[in-house]
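Engineer: The structure that follows is given in the form of structure tokens.
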Amino acid sequence: MSDTTDSAPSEGDDEWLLPKLEIQRRGFMAAGAATGLMGSLAGCTAILDTENDTNNTGDAALPETQVPPGELDDYYAFLSGGHSGDVRVYGIPSMRQLMRIPVFNYESARGYGHDDESKAMLEEAGDYHWGDTHHPRISQTDNDYDGRWAFINDKANGRMARINLKYFETDAICDIPNQQGTHGACARLPDTDIVFGVGEFQVPIPNDGQDVDNPDAYESVLTAIDPETMNVMWQVRVDGNLDNGDSGKDGRWFFTTCYNSETGLTDSEMAEADTDYVMAFDTLQIEDLVEAGEYEEINDIPVVDGRQNSEHNDGDPIVHYLDVPKNPHGISVTPDGQYAIASGKLDPTCTVIELGLLDGVDDPNDAIVAQPTVGQGPLHTAYDGRGHAYTSLFVDSQVAKWDIEAAIDVWPDDEPDDYEDSEVIQDKIDVHYNPGHLIASESYTADPEGDWLLCLNKLSQDRFLPVGPVFPENDQLIYIGDDEAGMQLVKDTPAYPEPHDASIVRADKLDPAQVYDPDDLELDHISGDDDREIIREDGRVEIRTYSMRNNFGYRDITVQEGDEVTFHVTNIEETQDILHSLAIPEYDINIRLAPQETSKVTFTADKPGLYWVYCAFFCSALHLEMRSRLLVEPAE
Ligand code: K7E
Ligand code: CUA
Ligand code: CA
């Protein structure tokens, strides 16, 4: 959230200051409601909306949300970890955290950033020690999840990573040139043939020291990345900045919001104009221009000019600029591919854009077909596949459910106030508190399931036992499967800071391996005593060995101070869930070895002494005894 305290608020700033007041008021009320209901609802924390409407009676049948011990969830949810740099995997509807996948962070329990390969990947991708993940998107084929990859941005350092969903592991990171603040992330649909990185921070391009204090020269770019190679294919420079993005379903359109059309430097400058943009990128035309060589090459990347006065925007534009109020934030395309809906953030409306009209109109604003008033601080919108949109209201601490076709029917005749009384707004529910993203099950595909809505609230306030001044966030699960009963809040889950977006995938669409296939790994597989080996050559020692319950292949390994030592180790277990690691005290080493996995770590033996090489996974009753000696003999 923006800090507005160190500069005088400008006109129109009161909206931004509202959240704090709202939080306290709602915090008080909801706490009261919770106490009253606690006794009557066993097994789940259901806080029903008592204030804003009469729909949520709590009497309607809810599907089972408690997944009993030993049973499995219906869905995987992939949540970004924000500035902890990882991706979390939850089961839905239990909200159990199943795994964390390190991406831009170092994680010793998974050996990530500790073994030679993942360490080299992180070093080559800029050698940063953190990232800021926001938008996990799952690859699709024909507008449906195909279980291959997840993609995730790093807003902090302008990167995009790929997670291999066979192993739930990061397998590639692209460090994007010419772009700072890679925020939105989304693949072109239907077939994930491009991954887009959406550049939020405007900077001089190239950002090499020229024009550092010349805001007129600051620009944002949209980056197209090849999902197979994870190399940048091309970029488009635009006017204004870029925030969130989403793809049409037809292999052509890509949409982004822009909140800083002013190219302002301060919060009040960025909020000066009443409207900013939604940009609609015609990716097919852009590809043609790249093919035809119609670009400028900057840092070896073809950069196409998509600014408003570009010749490519005469006639049949490559980028349509639609005027949308005000500092819009989220944008998402409806499952049927007909509409892109932008959430107004500093304006209480959502803007509905009809994709089919973008070609035919002289003024792109004529493709706007509705602008319903949904509430204060609309940030993101999700879908149930039954024609409803669900918009998070950051300032109101609510979710609004509204009818997309009804909003189109009444627009533009109705006054904004009329929406509350019309068929447009169907339901509102209190959430706790200040929601950012919300995601419905399979909402980013052409065929959402329409049962669960996950609402990622920025503040948890009074919902959990206090744990000091750093509060967890509050991820709430809302049942949306019963239109009669309305939205029903069924679960609170504290979340380590701080998730932004998520994707919810039906469990049967993923098929993760439970043991490594050695053919998928680049390192040679070592099968046991027959091919273990210690190779010594010119101050290098390579120990090619294995792990199994309860030893490491060699009992003792002697090296000389100053040797460069490599452990190349295969876990030869074939049983799922039998993990080992190879940890060396005081050498800062711990590599993880899952069944049939081979991993490698290299270090300089610069500290003479005895070191007990041990296994850090509790793998058997003799786990503590699973040790080897590393003897580092002092140099003469
Ligand atoms: Cu937090 Cu999509 Cu990065 Cu909105 S973004 S909340
Ligand atoms: Cu292997 Cu503990
Ligand atoms: Ca603005």
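By order in the structure tokens, chains are A, B, ...; within a chain, residues start at 1; ligands start at 1, following the order shown.
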Grab me every residue within 6 Å of ligand 3, counting only C-alpha atoms and all ligand atoms, and send it over as number ranges by chain.

Structural biologist: A: 259-262, 270-273, 276, 327

Engineer: For range 330-346 of chain A, list every protein, DNA or RNA residue within 8 Å, evaluated using only C-alpha atoms, and leave out those in the same chain fewer than 4 positions away; present the list as a PyMOL selection string.

Structural biologist: chain A and resi 15-16+243-250+255-257+278+324-326+350-356+376-383+385+391+443-448

Engineer: Select from chain A every residue with an atom at most 6 Å from any atom of ligand 1, then for each give the shortest pair of atoms and their distance in Å to one decimal, using only C-alpha atoms and all ligand atoms, rows by chain and rising number, as CSV.

Structural biologist:
```
residue,atom,partner,partner_atom_place_in_ligand_line,distance
A:His134,CA,ligand 1,3 (Cu),4.8
A:His183,CA,ligand 1,3 (Cu),6.0
A:Asn244,CA,ligand 1,2 (Cu),5.9
A:Gly436,CA,ligand 1,6 (S),3.6
A:His437,CA,ligand 1,6 (S),4.9
A:His500,CA,ligand 1,1 (Cu),4.5
A:Asp501,CA,ligand 1,2 (Cu),5.8
```

Engineer: Would you save the residues of that selection, restricted to N, CA and C atoms, as a short mmCIF file (atom, residue, chain, number, x, y, z; two decimals), in the first residue's frame?

Structural biologist:
```cif
data_model
loop_
_atom_site.label_atom_id
_atom_site.label_comp_id
_atom_site.auth_asym_id
_atom_site.auth_seq_id
_atom_site.Cartn_x
_atom_site.Cartn_y
_atom_site.Cartn_z
N HIS A 134 4.21 -12.07 -7.91
CA HIS A 134 2.81 -11.63 -7.84
C HIS A 134 1.82 -12.53 -8.57
N HIS A 183 5.58 -6.64 -13.54
CA HIS A 183 4.47 -6.85 -12.62
C HIS A 183 3.49 -7.89 -13.16
N ASN A 244 -1.32 -4.50 -14.50
CA ASN A 244 -1.70 -5.90 -14.63
C ASN A 244 -2.00 -6.24 -16.08
N GLY A 436 -7.02 -7.90 -1.90
CA GLY A 436 -6.31 -7.58 -3.14
C GLY A 436 -6.90 -8.45 -4.23
N HIS A 437 -6.16 -9.51 -4.59
CA HIS A 437 -6.70 -10.41 -5.60
C HIS A 437 -7.78 -11.30 -5.03
N HIS A 500 -0.15 -12.40 -3.54
CA HIS A 500 -0.90 -11.44 -4.36
C HIS A 500 -1.98 -12.16 -5.14
N ASP A 501 -1.55 -12.89 -6.15
CA ASP A 501 -2.52 -13.55 -7.03
C ASP A 501 -2.39 -15.06 -6.84
#
```

Engineer: Which neighbours of Ile578 in chain A fall inside 7 Å, counting only C-alpha atoms, when residues of the same chain fewer than 6 positions from it are skipped, and could you give them as a list in words?

Structural biologist: Ala594, Pro595 and Cys619 of chain A

Engineer: Export N, CA, C and O atoms of the chosen residues as a PDB file, in the first residue's frame?

Structural biologist:
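The new file part_4.pdb reads:
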```pdb
ATOM      1  N   ALA A 594      15.995 -36.133  -3.492  1.00  0.00           N
ATOM      2  CA  ALA A 594      14.741 -36.886  -3.520  1.00  0.00           C
ATOM      3  C   ALA A 594      15.003 -38.229  -4.209  1.00  0.00           C
ATOM      4  O   ALA A 594      16.039 -38.403  -4.854  1.00  0.00           O
ATOM      5  N   PRO A 595      14.109 -39.181  -4.080  1.00  0.00           N
ATOM      6  CA  PRO A 595      14.352 -40.491  -4.692  1.00  0.00           C
ATOM      7  C   PRO A 595      14.706 -40.389  -6.173  1.00  0.00           C
ATOM      8  O   PRO A 595      14.018 -39.706  -6.934  1.00  0.00           O
ATOM      9  N   CYS A 619      15.113 -39.885   7.795  1.00  0.00           N
ATOM     10  CA  CYS A 619      14.775 -40.867   6.766  1.00  0.00           C
ATOM     11  C   CYS A 619      14.562 -42.278   7.292  1.00  0.00           C
ATOM     12  O   CYS A 619      14.002 -43.120   6.590  1.00  0.00           O
TER      13      CYS A 619
END
```

Engineer: Which residues are near ligand 2 in this structure, taking near to mean any atom at most 8 Å from a ligand atom and counting only C-alpha atoms and all ligand atoms? Format them as a PyMOL selection string.

Structural biologist: chain A and resi 547-551+578-581+614-620+622-624+626

Engineer: Would you mind exporting C-alpha atoms of the selected residues as a PDB file, in the first residue's frame?

Structural biologist:
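Printed below is result-v8.pdb as written:
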```
ATOM      1  CA  SER A 547      22.834 -41.952  -0.719  1.00  0.00           C
ATOM      2  CA  MET A 548      20.513 -44.576   0.697  1.00  0.00           C
ATOM      3  CA  ARG A 549      19.299 -45.582   4.129  1.00  0.00           C
ATOM      4  CA  ASN A 550      21.658 -45.226   6.037  1.00  0.00           C
ATOM      5  CA  ASN A 551      24.859 -44.177   4.341  1.00  0.00           C
ATOM      6  CA  ILE A 578      12.351 -41.226   1.181  1.00  0.00           C
ATOM      7  CA  LEU A 579      14.413 -38.084   0.959  1.00  0.00           C
ATOM      8  CA  HIS A 580      17.984 -37.564   2.046  1.00  0.00           C
ATOM      9  CA  SER A 581      20.171 -34.552   2.013  1.00  0.00           C
ATOM     10  CA  TYR A 614      25.133 -35.787   7.520  1.00  0.00           C
ATOM     11  CA  CYS A 615      21.616 -36.224   6.212  1.00  0.00           C
ATOM     12  CA  ALA A 616      19.087 -33.582   7.254  1.00  0.00           C
ATOM     13  CA  PHE A 617      15.883 -35.475   6.393  1.00  0.00           C
ATOM     14  CA  PHE A 618      14.705 -37.877   9.081  1.00  0.00           C
ATOM     15  CA  CYS A 619      14.775 -40.867   6.766  1.00  0.00           C
ATOM     16  CA  SER A 620      14.809 -43.923   9.027  1.00  0.00           C
ATOM     17  CA  LEU A 622      19.125 -44.902  11.797  1.00  0.00           C
ATOM     18  CA  HIS A 623      18.870 -41.428  10.291  1.00  0.00           C
ATOM     19  CA  LEU A 624      21.019 -39.857  12.989  1.00  0.00           C
ATOM     20  CA  MET A 626      23.643 -41.612   8.531  1.00  0.00           C
TER      21      MET A 626
END
```

Engineer: Nearest to Phe567 in chain A among A:Ile298, A:Val203, A:Val601, A:Ile589, with distances taken over only C-alpha atoms: which residue is it?

Structural biologist: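 Closest residue, counting only C-alpha atoms: A:Val601.
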
Engineer: Write out as a ChimeraX atom specification all residues of range 354-574 of chain A that DSSP puts in alpha helix (DSSP H) for this structure's backbone.

Structural biologist: /A:404-410

Engineer: Per residue of range 341-460 of chain A within 12 Å of range 64-77 of chain A, record the nearest atom pair and its distance in Å to one decimal, counting only C-alpha atoms, with rows in chain order and ascending residue number, as a tab-separated table.

Structural biologist:
```
residue	atom	partner	partner_atom	distance
A:Leu438	CA	A:Ala77	CA	11.9
A:Ile439	CA	A:Ala77	CA	9.4
A:Ala440	CA	A:Ala77	CA	10.0
A:Ser441	CA	A:Tyr75	CA	7.9
A:Glu442	CA	A:Tyr75	CA	9.3
A:Ser443	CA	A:Ala77	CA	11.7
A:Glu449	CA	A:Tyr75	CA	10.5
A:Asp451	CA	A:Tyr75	CA	11.0
A:Trp452	CA	A:Tyr75	CA	9.8
A:Leu453	CA	A:Ala77	CA	10.9
A:Leu454	CA	A:Ala77	CA	9.0
A:Cys455	CA	A:Ala77	CA	11.9
```

Engineer: Just list as a PDB file with N, CA and C atoms, in the first residue's frame whatever in range 304-382 of chain A DSSP marks as strand (DSSP E or B).

Structural biologist:
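Dumped everything to selection38.pdb:
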```pdb
ATOM      1  N   VAL A 304       9.373  -2.755 -30.545  1.00  0.00           N
ATOM      2  CA  VAL A 304       8.414  -2.169 -31.486  1.00  0.00           C
ATOM      3  C   VAL A 304       7.801  -0.932 -30.837  1.00  0.00           C
ATOM      4  N   ASP A 305       7.579   0.095 -31.642  1.00  0.00           N
ATOM      5  CA  ASP A 305       7.043   1.350 -31.115  1.00  0.00           C
ATOM      6  C   ASP A 305       5.518   1.289 -31.060  1.00  0.00           C
ATOM      7  N   VAL A 319      -1.605  -0.972 -30.789  1.00  0.00           N
ATOM      8  CA  VAL A 319      -2.016  -0.803 -29.389  1.00  0.00           C
ATOM      9  C   VAL A 319      -3.189   0.174 -29.349  1.00  0.00           C
ATOM     10  N   HIS A 320      -4.333  -0.287 -28.878  1.00  0.00           N
ATOM     11  CA  HIS A 320      -5.484   0.600 -28.682  1.00  0.00           C
ATOM     12  C   HIS A 320      -5.401   1.160 -27.266  1.00  0.00           C
ATOM     13  N   TYR A 321      -5.532   2.467 -27.145  1.00  0.00           N
ATOM     14  CA  TYR A 321      -5.537   3.109 -25.823  1.00  0.00           C
ATOM     15  C   TYR A 321      -6.972   3.488 -25.472  1.00  0.00           C
ATOM     16  N   LEU A 322      -7.558   2.840 -24.489  1.00  0.00           N
ATOM     17  CA  LEU A 322      -8.916   3.161 -24.052  1.00  0.00           C
ATOM     18  C   LEU A 322      -8.837   3.980 -22.764  1.00  0.00           C
ATOM     19  N   ASP A 323      -9.667   5.024 -22.688  1.00  0.00           N
ATOM     20  CA  ASP A 323      -9.653   5.883 -21.496  1.00  0.00           C
ATOM     21  C   ASP A 323     -10.501   5.250 -20.400  1.00  0.00           C
ATOM     22  N   VAL A 324      -9.855   4.920 -19.296  1.00  0.00           N
ATOM     23  CA  VAL A 324     -10.540   4.189 -18.225  1.00  0.00           C
ATOM     24  C   VAL A 324     -10.234   4.865 -16.892  1.00  0.00           C
ATOM     25  N   PRO A 325     -11.280   5.132 -16.083  1.00  0.00           N
ATOM     26  CA  PRO A 325     -11.039   5.709 -14.761  1.00  0.00           C
ATOM     27  C   PRO A 325     -10.577   4.623 -13.787  1.00  0.00           C
ATOM     28  N   ILE A 331      -7.058  -6.417 -14.442  1.00  0.00           N
ATOM     29  CA  ILE A 331      -7.823  -6.619 -15.671  1.00  0.00           C
ATOM     30  C   ILE A 331      -7.911  -8.115 -15.908  1.00  0.00           C
ATOM     31  N   SER A 332      -9.087  -8.583 -16.288  1.00  0.00           N
ATOM     32  CA  SER A 332      -9.223 -10.012 -16.567  1.00  0.00           C
ATOM     33  C   SER A 332     -10.288 -10.201 -17.629  1.00  0.00           C
ATOM     34  N   VAL A 333     -10.051 -11.213 -18.465  1.00  0.00           N
ATOM     35  CA  VAL A 333     -10.952 -11.505 -19.573  1.00  0.00           C
ATOM     36  C   VAL A 333     -11.946 -12.560 -19.117  1.00  0.00           C
ATOM     37  N   TYR A 339     -15.368 -10.352 -23.045  1.00  0.00           N
ATOM     38  CA  TYR A 339     -15.124  -9.063 -22.412  1.00  0.00           C
ATOM     39  C   TYR A 339     -13.818  -9.057 -21.623  1.00  0.00           C
ATOM     40  N   ALA A 340     -13.192  -7.884 -21.606  1.00  0.00           N
ATOM     41  CA  ALA A 340     -12.105  -7.637 -20.658  1.00  0.00           C
ATOM     42  C   ALA A 340     -12.653  -6.648 -19.639  1.00  0.00           C
ATOM     43  N   ILE A 341     -12.454  -6.959 -18.359  1.00  0.00           N
ATOM     44  CA  ILE A 341     -13.010  -6.098 -17.310  1.00  0.00           C
ATOM     45  C   ILE A 341     -11.873  -5.542 -16.468  1.00  0.00           C
ATOM     46  N   ALA A 342     -11.815  -4.195 -16.425  1.00  0.00           N
ATOM     47  CA  ALA A 342     -10.779  -3.512 -15.653  1.00  0.00           C
ATOM     48  C   ALA A 342     -11.398  -2.956 -14.380  1.00  0.00           C
ATOM     49  N   SER A 343     -10.651  -3.055 -13.284  1.00  0.00           N
ATOM     50  CA  SER A 343     -11.155  -2.585 -11.993  1.00  0.00           C
ATOM     51  C   SER A 343     -10.584  -1.201 -11.699  1.00  0.00           C
ATOM     52  N   THR A 349     -15.881   2.133 -10.137  1.00  0.00           N
ATOM     53  CA  THR A 349     -16.467   1.353 -11.233  1.00  0.00           C
ATOM     54  C   THR A 349     -15.531   0.260 -11.741  1.00  0.00           C
ATOM     55  N   CYS A 350     -16.146  -0.678 -12.454  1.00  0.00           N
ATOM     56  CA  CYS A 350     -15.406  -1.558 -13.347  1.00  0.00           C
ATOM     57  C   CYS A 350     -15.747  -1.150 -14.778  1.00  0.00           C
ATOM     58  N   THR A 351     -14.782  -1.296 -15.680  1.00  0.00           N
ATOM     59  CA  THR A 351     -15.027  -0.955 -17.080  1.00  0.00           C
ATOM     60  C   THR A 351     -15.045  -2.235 -17.903  1.00  0.00           C
ATOM     61  N   VAL A 352     -16.143  -2.431 -18.644  1.00  0.00           N
ATOM     62  CA  VAL A 352     -16.320  -3.650 -19.443  1.00  0.00           C
ATOM     63  C   VAL A 352     -16.032  -3.317 -20.915  1.00  0.00           C
ATOM     64  N   ILE A 353     -15.054  -4.014 -21.481  1.00  0.00           N
ATOM     65  CA  ILE A 353     -14.649  -3.781 -22.871  1.00  0.00           C
ATOM     66  C   ILE A 353     -15.019  -5.005 -23.698  1.00  0.00           C
ATOM     67  N   GLU A 354     -15.696  -4.776 -24.805  1.00  0.00           N
ATOM     68  CA  GLU A 354     -16.086  -5.914 -25.649  1.00  0.00           C
ATOM     69  C   GLU A 354     -15.015  -6.147 -26.705  1.00  0.00           C
ATOM     70  N   ILE A 368     -16.127   0.187 -25.115  1.00  0.00           N
ATOM     71  CA  ILE A 368     -16.564   0.099 -23.709  1.00  0.00           C
ATOM     72  C   ILE A 368     -18.073  -0.056 -23.693  1.00  0.00           C
ATOM     73  N   VAL A 369     -18.557  -1.146 -23.109  1.00  0.00           N
ATOM     74  CA  VAL A 369     -19.992  -1.435 -23.177  1.00  0.00           C
ATOM     75  C   VAL A 369     -20.689  -1.352 -21.826  1.00  0.00           C
ATOM     76  N   ALA A 370     -19.945  -1.145 -20.750  1.00  0.00           N
ATOM     77  CA  ALA A 370     -20.584  -0.946 -19.448  1.00  0.00           C
ATOM     78  C   ALA A 370     -19.552  -0.415 -18.463  1.00  0.00           C
ATOM     79  N   THR A 373     -21.001   0.734 -11.235  1.00  0.00           N
ATOM     80  CA  THR A 373     -20.451   1.125  -9.940  1.00  0.00           C
ATOM     81  C   THR A 373     -20.534  -0.080  -9.008  1.00  0.00           C
ATOM     82  N   PRO A 378     -12.166  -0.890  -6.139  1.00  0.00           N
ATOM     83  CA  PRO A 378     -12.173  -2.170  -6.860  1.00  0.00           C
ATOM     84  C   PRO A 378     -10.782  -2.515  -7.396  1.00  0.00           C
ATOM     85  N   LEU A 379     -10.277  -3.716  -7.085  1.00  0.00           N
ATOM     86  CA  LEU A 379      -8.920  -4.084  -7.511  1.00  0.00           C
ATOM     87  C   LEU A 379      -8.886  -5.208  -8.541  1.00  0.00           C
ATOM     88  N   HIS A 380      -9.595  -6.300  -8.283  1.00  0.00           N
ATOM     89  CA  HIS A 380      -9.493  -7.444  -9.204  1.00  0.00           C
ATOM     90  C   HIS A 380     -10.858  -8.102  -9.372  1.00  0.00           C
ATOM     91  N   THR A 381     -11.013  -8.808 -10.508  1.00  0.00           N
ATOM     92  CA  THR A 381     -12.308  -9.404 -10.827  1.00  0.00           C
ATOM     93  C   THR A 381     -12.119 -10.856 -11.274  1.00  0.00           C
ATOM     94  N   ALA A 382     -12.941 -11.742 -10.720  1.00  0.00           N
ATOM     95  CA  ALA A 382     -12.895 -13.174 -11.066  1.00  0.00           C
ATOM     96  C   ALA A 382     -14.280 -13.613 -11.547  1.00  0.00           C
TER      97      ALA A 382
END
```

Engineer: Point out the residue among A:Gly450, A:Gly158, A:Gly82, A:Gly375 with the least atom-to-atom distance to Gly387 in chain A, counting only C-alpha atoms.

Structural biologist: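 Looking at the shortest contact to Gly387 in chain A, the residue is A:Gly450.
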
Engineer: If you count only C-alpha atoms, which residues fall within 10 Å of Phe104 in chain A, apart from same-chain ones fewer than 4 positions away, as a compact mmCIF listing (two decimals) with C-alpha atoms, in the first residue's frame?

Structural biologist:
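around.txt written:
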```txt
# COMPACT_ATOMS: atom_id res chain seq x y z
CA HIS A 83 8.43 -10.51 -1.48
CA SER A 84 9.31 -13.80 0.10
CA GLY A 85 10.02 -14.71 -3.53
CA ASP A 86 8.35 -18.13 -3.64
CA VAL A 87 5.14 -19.78 -4.80
CA TYR A 112 17.39 -24.54 -3.82
CA GLY A 113 20.21 -22.11 -4.49
CA LEU A 122 20.05 -17.82 -9.82
CA ALA A 125 19.57 -14.50 -13.66
CA ASP A 127 22.44 -12.93 -8.78
CA TYR A 128 19.81 -11.25 -6.65
CA HIS A 129 18.87 -12.78 -3.32
CA TRP A 130 15.18 -11.98 -3.36
CA GLY A 131 12.27 -11.45 -5.67
CA ASP A 132 8.72 -10.15 -5.48
CA THR A 133 6.35 -12.70 -6.97
CA ILE A 152 5.71 -16.29 -12.12
CA ASN A 153 7.02 -12.74 -12.31
CA ASP A 154 9.60 -10.95 -10.19
CA ASN A 157 14.21 -7.27 -10.47
CA ARG A 159 12.40 -11.32 -14.20
CA MET A 160 10.11 -14.16 -15.21
CA ALA A 161 10.48 -17.72 -13.95
CA THR A 170 11.73 -23.79 -10.84
CA ILE A 173 14.56 -17.78 -15.02
```
